[in-house]
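Pasted below: final.tsv, TSV, C-alpha atoms.
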```tsv
chain	number	residue	atom	x	y	z
A	21	MET	CA	-20.81	-61.02	-5.37
A	22	SER	CA	-22.14	-58.68	-8.03
A	23	THR	CA	-18.88	-58.50	-10.01
A	24	LEU	CA	-20.07	-60.78	-12.82
A	25	THR	CA	-23.41	-59.01	-13.08
A	26	THR	CA	-22.06	-55.48	-13.01
A	27	SER	CA	-19.12	-56.07	-15.34
A	28	ALA	CA	-21.60	-56.72	-18.15
A	29	LEU	CA	-23.17	-53.32	-17.49
A	30	SER	CA	-22.02	-49.98	-18.86
A	31	LEU	CA	-19.86	-47.80	-16.61
A	32	PRO	CA	-22.74	-45.39	-15.80
A	33	ALA	CA	-24.97	-48.31	-14.76
A	34	GLN	CA	-22.17	-49.85	-12.70
A	35	LEU	CA	-21.50	-46.54	-10.98
A	36	ARG	CA	-25.19	-45.99	-10.26
A	37	ASN	CA	-25.48	-49.47	-8.74
A	38	GLU	CA	-22.33	-49.18	-6.65
A	39	LEU	CA	-23.24	-45.72	-5.32
A	40	ARG	CA	-26.73	-46.93	-4.47
A	41	GLU	CA	-25.37	-49.99	-2.67
A	42	GLN	CA	-23.10	-47.73	-0.63
A	43	GLY	CA	-26.17	-45.78	0.54
A	44	PHE	CA	-25.94	-42.55	-1.41
A	45	GLY	CA	-29.08	-40.54	-2.16
A	46	PRO	CA	-31.13	-38.55	-2.95
A	47	HIS	CA	-29.78	-37.36	-6.31
A	48	PHE	CA	-29.94	-33.80	-7.60
A	49	GLY	CA	-28.53	-32.44	-10.80
A	50	THR	CA	-28.35	-29.83	-13.49
A	51	PRO	CA	-28.14	-31.53	-16.88
A	52	CYS	CA	-24.77	-31.92	-18.64
A	53	GLY	CA	-23.96	-33.69	-21.91
A	54	VAL	CA	-20.96	-35.53	-20.50
A	55	LEU	CA	-22.96	-36.82	-17.53
A	56	ALA	CA	-26.11	-37.57	-19.55
A	57	PRO	CA	-25.54	-41.37	-19.57
A	58	LEU	CA	-25.17	-41.37	-15.76
A	59	TYR	CA	-28.13	-39.01	-15.41
A	60	GLU	CA	-30.24	-41.39	-17.50
A	61	ALA	CA	-28.97	-44.47	-15.64
A	62	MET	CA	-29.92	-42.82	-12.33
A	63	ASP	CA	-33.29	-41.72	-13.67
A	64	GLY	CA	-33.99	-45.38	-14.33
A	65	GLY	CA	-33.03	-46.16	-10.73
A	66	ASP	CA	-33.51	-43.81	-7.79
A	67	GLY	CA	-34.34	-40.81	-9.93
A	68	VAL	CA	-32.59	-37.49	-10.24
A	69	THR	CA	-34.38	-34.30	-9.27
A	70	THR	CA	-33.40	-31.64	-11.78
A	71	ILE	CA	-32.55	-28.25	-10.25
A	72	PRO	CA	-32.19	-25.51	-12.87
A	73	ARG	CA	-29.05	-23.94	-11.43
A	74	GLU	CA	-26.11	-25.70	-9.80
A	75	ASP	CA	-25.72	-23.57	-6.68
A	76	ASN	CA	-29.40	-24.14	-5.89
A	77	ALA	CA	-28.78	-27.88	-6.28
A	78	VAL	CA	-25.98	-27.50	-3.71
A	79	GLY	CA	-28.45	-25.74	-1.40
A	80	VAL	CA	-31.16	-28.41	-1.70
A	81	ALA	CA	-28.56	-31.15	-1.24
A	82	ALA	CA	-27.25	-29.36	1.86
A	83	GLY	CA	-30.76	-29.46	3.33
A	84	ALA	CA	-30.98	-33.18	2.56
A	85	ALA	CA	-27.55	-33.79	4.11
A	86	LEU	CA	-28.49	-31.84	7.28
A	87	SER	CA	-31.53	-34.15	7.44
A	88	GLY	CA	-29.21	-37.17	7.64
A	89	ARG	CA	-29.01	-38.24	3.99
A	90	SER	CA	-25.91	-38.59	1.78
A	91	PRO	CA	-26.92	-36.70	-1.35
A	92	ILE	CA	-25.28	-36.60	-4.75
A	93	VAL	CA	-25.18	-33.48	-6.93
A	94	LEU	CA	-24.47	-33.94	-10.64
A	95	MET	CA	-23.09	-30.92	-12.48
A	96	GLN	CA	-20.73	-29.78	-15.21
A	97	ASN	CA	-17.63	-27.92	-14.06
A	98	SER	CA	-19.11	-24.75	-15.56
A	99	GLY	CA	-21.79	-25.14	-12.88
A	100	PHE	CA	-19.11	-25.92	-10.33
A	101	GLY	CA	-17.80	-22.44	-11.11
A	102	GLN	CA	-21.30	-21.11	-10.50
A	103	SER	CA	-21.35	-22.96	-7.15
A	104	VAL	CA	-17.97	-21.99	-5.72
A	105	ASN	CA	-19.39	-19.57	-3.16
A	106	ALA	CA	-22.09	-22.03	-2.08
A	107	ILE	CA	-19.40	-24.64	-1.53
A	108	ALA	CA	-16.92	-22.22	0.07
A	109	SER	CA	-19.37	-20.48	2.41
A	110	LEU	CA	-21.83	-23.31	3.16
A	111	VAL	CA	-20.59	-26.84	2.40
A	112	VAL	CA	-17.01	-26.44	3.63
A	113	PRO	CA	-17.39	-24.31	6.79
A	114	TYR	CA	-20.49	-26.18	8.00
A	115	GLY	CA	-18.92	-29.57	7.09
A	116	ILE	CA	-21.88	-30.77	5.02
A	117	PRO	CA	-21.54	-34.28	3.49
A	118	ILE	CA	-22.36	-34.08	-0.22
A	119	LEU	CA	-20.90	-36.06	-3.12
A	120	PHE	CA	-20.33	-33.80	-6.12
A	121	ILE	CA	-20.08	-35.58	-9.45
A	122	VAL	CA	-18.49	-32.99	-11.72
A	123	SER	CA	-17.81	-33.42	-15.43
A	124	MET	CA	-14.49	-31.98	-16.57
A	125	ARG	CA	-15.23	-29.94	-19.66
A	126	GLY	CA	-12.20	-28.04	-20.92
A	127	VAL	CA	-9.67	-30.87	-20.50
A	128	ALA	CA	-8.63	-33.39	-23.18
A	129	PRO	CA	-10.31	-34.55	-25.32
A	130	ASP	CA	-12.57	-31.47	-24.95
A	131	ASP	CA	-10.78	-28.51	-26.51
A	132	THR	CA	-13.69	-26.04	-26.58
A	133	ALA	CA	-12.43	-22.55	-25.81
A	134	GLU	CA	-15.37	-21.59	-23.60
A	135	ASN	CA	-14.59	-24.45	-21.21
A	136	GLU	CA	-10.83	-23.99	-20.92
A	137	GLY	CA	-11.04	-21.69	-17.92
A	138	MET	CA	-13.03	-24.01	-15.68
A	139	GLY	CA	-11.08	-26.98	-17.08
A	140	THR	CA	-7.98	-25.37	-15.61
A	141	LEU	CA	-9.58	-24.07	-12.42
A	142	THR	CA	-11.72	-26.95	-11.16
A	143	GLU	CA	-9.02	-29.10	-9.54
A	144	PRO	CA	-7.08	-26.20	-7.98
A	145	ILE	CA	-10.32	-24.82	-6.50
A	146	CYS	CA	-11.10	-28.22	-4.96
A	147	ARG	CA	-7.59	-28.45	-3.57
A	148	LEU	CA	-7.63	-24.93	-2.14
A	149	LEU	CA	-11.01	-25.55	-0.50
A	150	GLY	CA	-9.74	-28.83	0.97
A	151	LEU	CA	-12.22	-30.95	-0.99
A	152	PRO	CA	-10.84	-34.43	-1.71
A	153	THR	CA	-11.12	-35.47	-5.37
A	154	VAL	CA	-11.36	-38.84	-7.10
A	155	HIS	CA	-10.92	-39.18	-10.87
A	156	LEU	CA	-13.14	-41.24	-13.13
A	157	ASP	CA	-12.21	-42.29	-16.66
A	158	SER	CA	-13.61	-44.96	-18.96
A	159	ALA	CA	-11.37	-47.65	-17.44
A	160	ALA	CA	-12.38	-46.90	-13.83
A	161	ASP	CA	-13.33	-49.58	-11.31
A	162	ALA	CA	-16.79	-48.36	-10.28
A	163	ALA	CA	-16.86	-50.45	-7.10
A	164	ALA	CA	-13.53	-49.11	-5.86
A	165	VAL	CA	-14.48	-45.52	-6.74
A	166	ALA	CA	-17.83	-45.78	-4.96
A	167	ALA	CA	-16.24	-47.38	-1.89
A	168	SER	CA	-13.66	-44.62	-1.62
A	169	LEU	CA	-16.31	-41.89	-1.97
A	170	ALA	CA	-18.56	-43.61	0.59
A	171	GLU	CA	-15.71	-43.70	3.10
A	172	GLN	CA	-15.38	-39.93	2.81
A	173	VAL	CA	-19.04	-38.86	2.56
A	174	ILE	CA	-21.11	-41.54	4.32
A	175	VAL	CA	-18.66	-42.76	6.98
A	176	ARG	CA	-16.67	-39.58	7.71
A	177	ARG	CA	-19.59	-37.22	6.89
A	178	GLU	CA	-17.44	-34.89	4.78
A	179	PRO	CA	-17.92	-33.62	1.20
A	180	ALA	CA	-16.06	-35.16	-1.76
A	181	VAL	CA	-15.79	-34.58	-5.49
A	182	LEU	CA	-15.75	-37.15	-8.30
A	183	LEU	CA	-14.15	-35.56	-11.37
A	184	VAL	CA	-15.42	-37.21	-14.55
A	185	ALA	CA	-13.25	-37.12	-17.69
A	186	PRO	CA	-15.12	-35.79	-20.75
A	187	ASP	CA	-14.98	-39.17	-22.52
A	188	ALA	CA	-15.55	-41.38	-19.45
A	189	PHE	CA	-19.10	-42.22	-20.55
A	190	GLY	CA	-18.51	-41.97	-24.30
A	191	TRP	CA	-18.88	-38.24	-24.96
A	192	ARG	CA	-17.00	-37.05	-28.05
A	193	ALA	CA	-15.75	-33.58	-28.91
B	19	MET	CA	-43.42	-3.73	11.51
B	20	SER	CA	-39.69	-3.86	12.15
B	21	LYS	CA	-37.51	-6.80	11.16
B	22	THR	CA	-37.01	-7.60	14.83
B	23	ALA	CA	-40.78	-7.63	15.47
B	24	ALA	CA	-41.30	-9.93	12.48
B	25	ILE	CA	-38.61	-12.35	13.61
B	26	ARG	CA	-39.97	-12.33	17.15
B	27	ALA	CA	-43.38	-13.31	15.74
B	28	VAL	CA	-41.78	-16.11	13.71
B	29	ILE	CA	-39.93	-17.46	16.74
B	30	GLU	CA	-43.08	-17.43	18.88
B	31	ALA	CA	-45.05	-19.33	16.21
B	32	THR	CA	-42.35	-21.95	15.50
B	33	PRO	CA	-41.17	-23.67	18.67
B	34	ASP	CA	-41.45	-27.17	17.16
B	35	VAL	CA	-40.48	-26.91	13.49
B	36	PRO	CA	-37.19	-26.33	11.64
B	37	VAL	CA	-36.58	-22.63	10.92
B	38	LEU	CA	-33.75	-21.44	8.69
B	39	TYR	CA	-32.61	-17.80	8.68
B	40	THR	CA	-30.88	-16.03	5.81
B	41	THR	CA	-27.56	-14.26	6.00
B	42	GLY	CA	-27.26	-10.67	7.10
B	43	TYR	CA	-29.27	-9.34	9.98
B	44	ALA	CA	-32.02	-11.99	9.97
B	45	CYS	CA	-29.89	-14.71	11.51
B	46	ARG	CA	-28.20	-12.29	13.90
B	47	ILE	CA	-31.53	-10.95	15.13
B	48	ALA	CA	-33.01	-14.45	15.50
B	49	HIS	CA	-29.92	-15.68	17.34
B	50	SER	CA	-30.10	-12.78	19.78
B	51	ILE	CA	-33.84	-13.15	20.47
B	52	ARG	CA	-33.71	-16.89	21.12
B	53	ASP	CA	-31.01	-19.35	20.11
B	54	SER	CA	-32.69	-22.72	19.80
B	55	ASP	CA	-31.96	-26.24	18.46
B	56	ASN	CA	-34.57	-25.85	15.70
B	57	HIS	CA	-32.77	-22.81	14.25
B	58	PHE	CA	-30.31	-22.87	11.35
B	59	TYR	CA	-28.31	-19.71	10.70
B	60	MET	CA	-27.02	-19.43	7.14
B	61	THR	CA	-24.16	-16.99	7.55
B	62	GLY	CA	-22.94	-17.02	3.93
B	63	SER	CA	-24.28	-18.39	0.62
B	64	MET	CA	-26.64	-15.45	0.12
B	65	GLY	CA	-29.67	-16.41	-1.97
B	66	LEU	CA	-29.79	-20.09	-1.02
B	67	ILE	CA	-31.98	-20.21	2.10
B	68	ALA	CA	-35.12	-21.36	0.25
B	69	SER	CA	-33.13	-24.11	-1.48
B	70	ILE	CA	-31.68	-25.40	1.80
B	71	GLY	CA	-35.13	-25.25	3.39
B	72	ALA	CA	-36.57	-27.13	0.42
B	73	GLY	CA	-34.03	-29.90	0.99
B	74	VAL	CA	-34.96	-30.11	4.69
B	75	ALA	CA	-38.73	-30.06	3.97
B	76	ARG	CA	-38.39	-32.70	1.27
B	77	GLU	CA	-36.32	-35.14	3.32
B	78	THR	CA	-38.00	-34.74	6.71
B	79	GLY	CA	-41.57	-34.24	5.43
B	80	VAL	CA	-41.95	-31.72	8.26
B	81	ALA	CA	-43.29	-28.19	7.79
B	82	THR	CA	-40.12	-26.13	7.39
B	83	VAL	CA	-39.91	-22.35	7.69
B	84	VAL	CA	-37.33	-20.18	5.94
B	85	VAL	CA	-36.85	-16.50	6.73
B	86	ASP	CA	-35.51	-14.76	3.63
B	87	GLY	CA	-34.87	-11.17	2.62
B	88	ASP	CA	-35.90	-9.25	-0.47
B	89	GLY	CA	-32.29	-8.62	-1.48
B	90	SER	CA	-31.36	-12.27	-1.11
B	91	ILE	CA	-34.44	-13.51	-2.95
B	92	LEU	CA	-33.58	-11.21	-5.87
B	93	MET	CA	-30.02	-12.49	-5.85
B	94	ASN	CA	-31.23	-16.00	-6.61
B	95	PRO	CA	-34.94	-16.32	-7.45
B	96	VAL	CA	-34.27	-19.84	-8.74
B	97	GLY	CA	-34.84	-20.96	-5.13
B	98	MET	CA	-38.49	-19.94	-5.49
B	99	ILE	CA	-38.77	-21.85	-8.75
B	100	VAL	CA	-37.28	-24.94	-7.10
B	101	ALA	CA	-39.68	-24.74	-4.14
B	102	GLY	CA	-42.69	-23.97	-6.31
B	103	ALA	CA	-41.95	-26.92	-8.59
B	104	ASP	CA	-42.94	-29.42	-5.88
B	105	PRO	CA	-46.66	-29.07	-5.06
B	106	THR	CA	-46.28	-31.34	-2.00
B	107	LEU	CA	-43.34	-29.50	-0.42
B	108	PRO	CA	-44.18	-28.40	3.15
B	109	LEU	CA	-42.18	-25.18	2.97
B	110	VAL	CA	-43.20	-21.83	4.43
B	111	HIS	CA	-41.14	-19.12	2.74
B	112	ILE	CA	-41.22	-15.84	4.66
B	113	VAL	CA	-39.69	-12.77	3.06
B	114	LEU	CA	-38.81	-9.73	5.16
B	115	ASP	CA	-39.24	-7.03	2.51
B	116	ASP	CA	-37.63	-3.74	3.55
B	117	ARG	CA	-36.51	-2.73	0.02
B	118	ARG	CA	-32.98	-2.33	1.39
B	119	TYR	CA	-29.71	-4.22	1.56
B	120	ASP	CA	-29.72	-3.56	5.26
B	121	SER	CA	-26.51	-5.27	6.36
B	122	THR	CA	-24.38	-3.74	3.59
B	123	GLY	CA	-25.25	-0.12	4.24
B	124	GLY	CA	-28.90	0.23	3.36
B	125	GLN	CA	-28.58	0.42	-0.42
B	126	GLU	CA	-31.91	0.25	-2.24
B	127	VAL	CA	-33.07	-3.12	-3.62
B	128	PRO	CA	-34.09	-2.61	-7.29
B	129	SER	CA	-37.54	-4.06	-6.71
B	130	ALA	CA	-39.77	-1.01	-7.25
B	131	ARG	CA	-41.37	-2.68	-10.28
B	132	LEU	CA	-41.26	-6.24	-8.93
B	133	ASP	CA	-44.37	-7.96	-7.58
B	134	LEU	CA	-42.99	-10.67	-5.29
B	135	PRO	CA	-46.37	-12.34	-4.61
B	136	VAL	CA	-46.95	-12.61	-8.37
B	137	LEU	CA	-43.49	-14.12	-8.74
B	138	ALA	CA	-44.34	-16.61	-5.99
B	139	ARG	CA	-47.65	-17.58	-7.61
B	140	GLY	CA	-45.96	-17.85	-10.97
B	141	SER	CA	-43.31	-20.13	-9.47
B	142	GLY	CA	-45.99	-22.52	-8.20
B	143	TYR	CA	-46.61	-21.56	-4.55
B	144	GLY	CA	-50.20	-22.52	-3.82
B	145	SER	CA	-50.76	-20.06	-1.01
B	146	VAL	CA	-49.43	-16.48	-1.07
B	147	HIS	CA	-49.90	-13.82	1.61
B	148	THR	CA	-48.79	-10.26	2.31
B	149	VAL	CA	-48.82	-9.07	5.92
B	150	GLY	CA	-48.24	-5.61	7.33
B	151	SER	CA	-47.95	-6.32	11.06
B	152	ALA	CA	-46.26	-8.79	13.37
B	153	ALA	CA	-49.68	-9.83	14.70
B	154	ALA	CA	-50.90	-10.61	11.19
B	155	LEU	CA	-47.70	-12.56	10.49
B	156	GLY	CA	-48.20	-14.62	13.65
B	157	ASP	CA	-51.83	-15.32	12.69
B	158	VAL	CA	-51.00	-16.45	9.14
B	159	LEU	CA	-48.05	-18.52	10.30
B	160	GLY	CA	-50.11	-20.22	13.00
B	161	LYS	CA	-52.77	-21.14	10.46
B	162	VAL	CA	-50.48	-22.41	7.70
B	163	LEU	CA	-48.40	-24.47	10.12
B	164	THR	CA	-51.39	-26.43	11.39
B	165	ASP	CA	-51.55	-28.35	8.10
B	166	CYS	CA	-48.76	-27.45	5.70
B	167	ARG	CA	-48.72	-29.68	2.62
B	168	SER	CA	-47.60	-27.34	-0.13
B	169	PRO	CA	-45.30	-24.34	-0.52
B	170	VAL	CA	-46.55	-21.15	1.15
B	171	PHE	CA	-45.19	-17.65	0.58
B	172	ILE	CA	-45.55	-14.84	3.11
B	173	ARG	CA	-44.31	-11.35	2.25
B	174	CYS	CA	-43.81	-9.16	5.31
B	175	VAL	CA	-43.80	-5.43	4.69
B	176	ILE	CA	-40.99	-4.07	6.87
B	177	ASP	CA	-41.53	-0.34	7.31
B	178	GLU	CA	-40.31	0.43	10.81
B	179	PRO	CA	-36.73	0.91	11.98
B	180	ASP	CA	-34.90	-1.74	13.95
B	181	GLU	CA	-33.19	-1.78	17.26
B	182	PRO	CA	-29.37	-1.73	17.09
B	183	VAL	CA	-28.20	-4.84	15.27
B	184	PRO	CA	-26.91	-7.70	17.44
B	185	GLY	CA	-23.48	-9.33	17.03
B	186	ARG	CA	-22.41	-11.88	14.48
B	187	ILE	CA	-22.96	-15.64	14.69
B	188	GLY	CA	-19.86	-17.41	16.06
B	189	ARG	CA	-17.24	-19.10	13.92
B	190	ASP	CA	-17.99	-22.70	14.91
B	191	LEU	CA	-20.36	-23.45	12.05
B	192	ARG	CA	-19.64	-27.19	12.10
B	193	SER	CA	-21.04	-27.49	15.61
B	194	HIS	CA	-24.00	-25.40	14.55
B	195	ALA	CA	-24.72	-27.74	11.61
B	196	GLY	CA	-24.33	-30.71	13.95
B	197	ARG	CA	-26.84	-29.30	16.42
B	198	PHE	CA	-29.40	-28.62	13.68
B	199	GLY	CA	-28.80	-32.09	12.18
B	200	ALA	CA	-29.40	-33.69	15.59
B	201	TYR	CA	-32.64	-31.71	15.87
B	202	LEU	CA	-33.78	-32.87	12.41
B	203	ARG	CA	-33.06	-36.52	13.20
B	204	ARG	CA	-35.99	-36.57	15.61
B	205	PHE	CA	-38.23	-36.44	12.52
B	206	GLY	CA	-36.35	-39.26	10.73
```
Mind converting the file's structure to C-alpha cells?
Amino acid sequence: MSTLTTSALSLPAQLRNELREQGFGPHFGTPCGVLAPLYEAMDGGDGVTTIPREDNAVGVAAGAALSGRSPIVLMQNSGFGQSVNAIASLVVPYGIPILFIVSMRGVAPDDTAENEGMGTLTEPICRLLGLPTVHLDSAADAAAVAASLAEQVIVRREPAVLLVAPDAFGWRA
Amino acid sequence: MSKTAAIRAVIEATPDVPVLYTTGYACRIAHSIRDSDNHFYMTGSMGLIASIGAGVARETGVATVVVDGDGSILMNPVGMIVAGADPTLPLVHIVLDDRRYDSTGGQEVPSARLDLPVLARGSGYGSVHTVGSAAALGDVLGKVLTDCRSPVFIRCVIDEPDEPVPGRIGRDLRSHAGRFGAYLRRFG
C-alpha cells in the first residue's frame, strides 16, 4: 500500500518507516558518519537516544528488550568491536532480541587503514557468535529487509545484525 | 557491613521491584539468599549493570534497583553518565564498595583517589548517599523507593569479611532472561 509513497523517499527514510511499521523501537545509537542519514531520519521520527559508548548502548537496549520491546542499536563496526563481549556474554547467552544496525567501515569503498581490521572481522564475529546478518546497500529493498529482520527479532525474539555498506546512504571516502 | 549483609538488606527492601545484580559475587550471593522472579543476575558483561537497569527503568517506568561493584563501575563509568543524563529515570544505583576485585582474587581497585559520590553527582544523579551499615542501607532504600522519579546513587562501604562465597549461577541463562522478562511484563 505504501510502495508508491515510500519509493519517492530516500533509502534512510524508507528504512525508518519500514522498521517502525514492523514494530521496532526504541532506538539507541552512538553516532557514525555512514549512518548519519539514518540517524537523522530516525531523529525526525521516533527519536534516537544517543549513548556515548556502544557497549553501553547494548546494555540499555538489553534492558528495553527484557521489558518486552524490540530495540534497535545503531553503531559503526568500530563500536561493534567495542561491544563484542557485551554481545557474547549478554545478548547471545541470554537470547536477548536486539536489532543491531552496523555500518561497515573498512570495506570498499572505504579504504581507511584504521578501519581495515574491523572491516575484516565484523562478519566472521557475527557468524562465530551465531548472529544472523542481512546486508544493506544503496539498491536494497527496505521493505523486504525490514520484514526479514522483524521475523528474526520481533517474531522469533532473537538478535540480528543489519550490515550497512559504507556508501549505502551516500557516504564517500 | 559485609557484602552479604548489604545484599540481604537490599533483598528485604525490594520484594516488588526489579533488581539487577552485577557479575562476580553479588549475583551469587543474592541468588543464594533468595532467588526470586524480580531478580536479574548478570553473569558476564562486567560494567554494564547500570546500563541494563537504565533500559528497564526507562521502558517500564518502574523504580529499578541495580547492585553494582566498585571494580565494575570503574571498568565502565559511562553507565553512570547514561543514567545521570536522564533526570526522570527511576533508577536506584547501589554500589558495594570494598576496594577489591573480590571474585578475581582480591586485587586492589585503583580508587584510592576517586570520589564515587562526586562522580555520581557530576554525572547527573540528583540524590547521592553513602551508608556504612546494612540498617542504614535499608533505611535509605526504603525511603527512596517510596517515590523514585530520578536517578539515585547509594555507595555502601563494605568493610567486613564475607561468609564463604556461594556457587555460580546455572548455565540456563535464556530461561533466566525469560523469567525476568515475564516479571517485567506485569508493569507493561
Exercise: residues within 10 Å of coordinate (-9.7, -26.7, -14.9), counting only C-alpha atoms, as a PyMOL selection string: chain A and resi 97-98+101+124-127+135-145
Name the residues in contact with Leu38 (chain B) at a cut-off of 9 Å, using all atoms listed in the file, excluding same-chain residues fewer than 3 positions from it; report them as a ChimeraX atom specification. /B:45,56-60,67-68,70-71,82-86
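Of the listed residues B:Val37, B:Ile172, B:Ala24, B:Ile47, the one whose atoms come nearest to chain A is B:Val37, with distances taken using only C-alpha atoms.
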Write down, as a PyMOL selection string, each residue of chain B that has any atom within 9 Å of an atom of chain A, counting all atoms listed in the file. chain B and resi 60-78+94+96-97+99-100+189-196+198-203+205-206
Selection: 10 Å around Val113 (chain B), all atoms listed in the file, excl. self and same-chain fewer than 5 positions, as number ranges by chain: B: 24, 40, 84-91, 134, 148, 171-176
Counting only C-alpha atoms, what is within 9 Å of Cys166 (chain B), bar same-chain residues fewer than 3 positions away, as a PyMOL selection string? chain B and resi 80-82+106-110+161-163+169-170
Which is closest to Gln172 (chain A) among A:Ser90, A:Arg147, A:Ile121, A:Trp191, if we use only C-alpha atoms?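 Among the listed residues, A:Ser90 lies closest to Gln172 (chain A).
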Between CA of Pro179 (chain A) and CA of Leu119 (chain A), what is the distance, to one decimal in Å? 5.8 Å
Using all atoms of region 96-100 of chain A listed in the file and a margin of 8 Å per side, can you give the axis-aligned box centre and edge lengths in Å to one decimal, as JSON?
```
{"center_x": -19.7, "center_y": -27.3, "center_z": -12.9, "size_x": 20.2, "size_y": 21.0, "size_z": 21.2}
```
Using Å and a single decimal, report how far CA of Arg36 (chain A) sits from CA of Leu149 (chain A). 26.7 Å
Using only C-alpha atoms for the distances, tell me which of A:Ser30, A:Met95, A:Pro129, A:Val181 is nearest to Pro57 (chain A).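 Answer, going by the shortest atom-to-atom distance: A:Ser30.
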Which polymer residues, protein or nucleic acid, are no farther than 12 Å from (-25.8, -45.9, -16.6), counting all atoms listed in the file, as number ranges by chain? A: 26, 28-39, 55-67, 162, 188-190
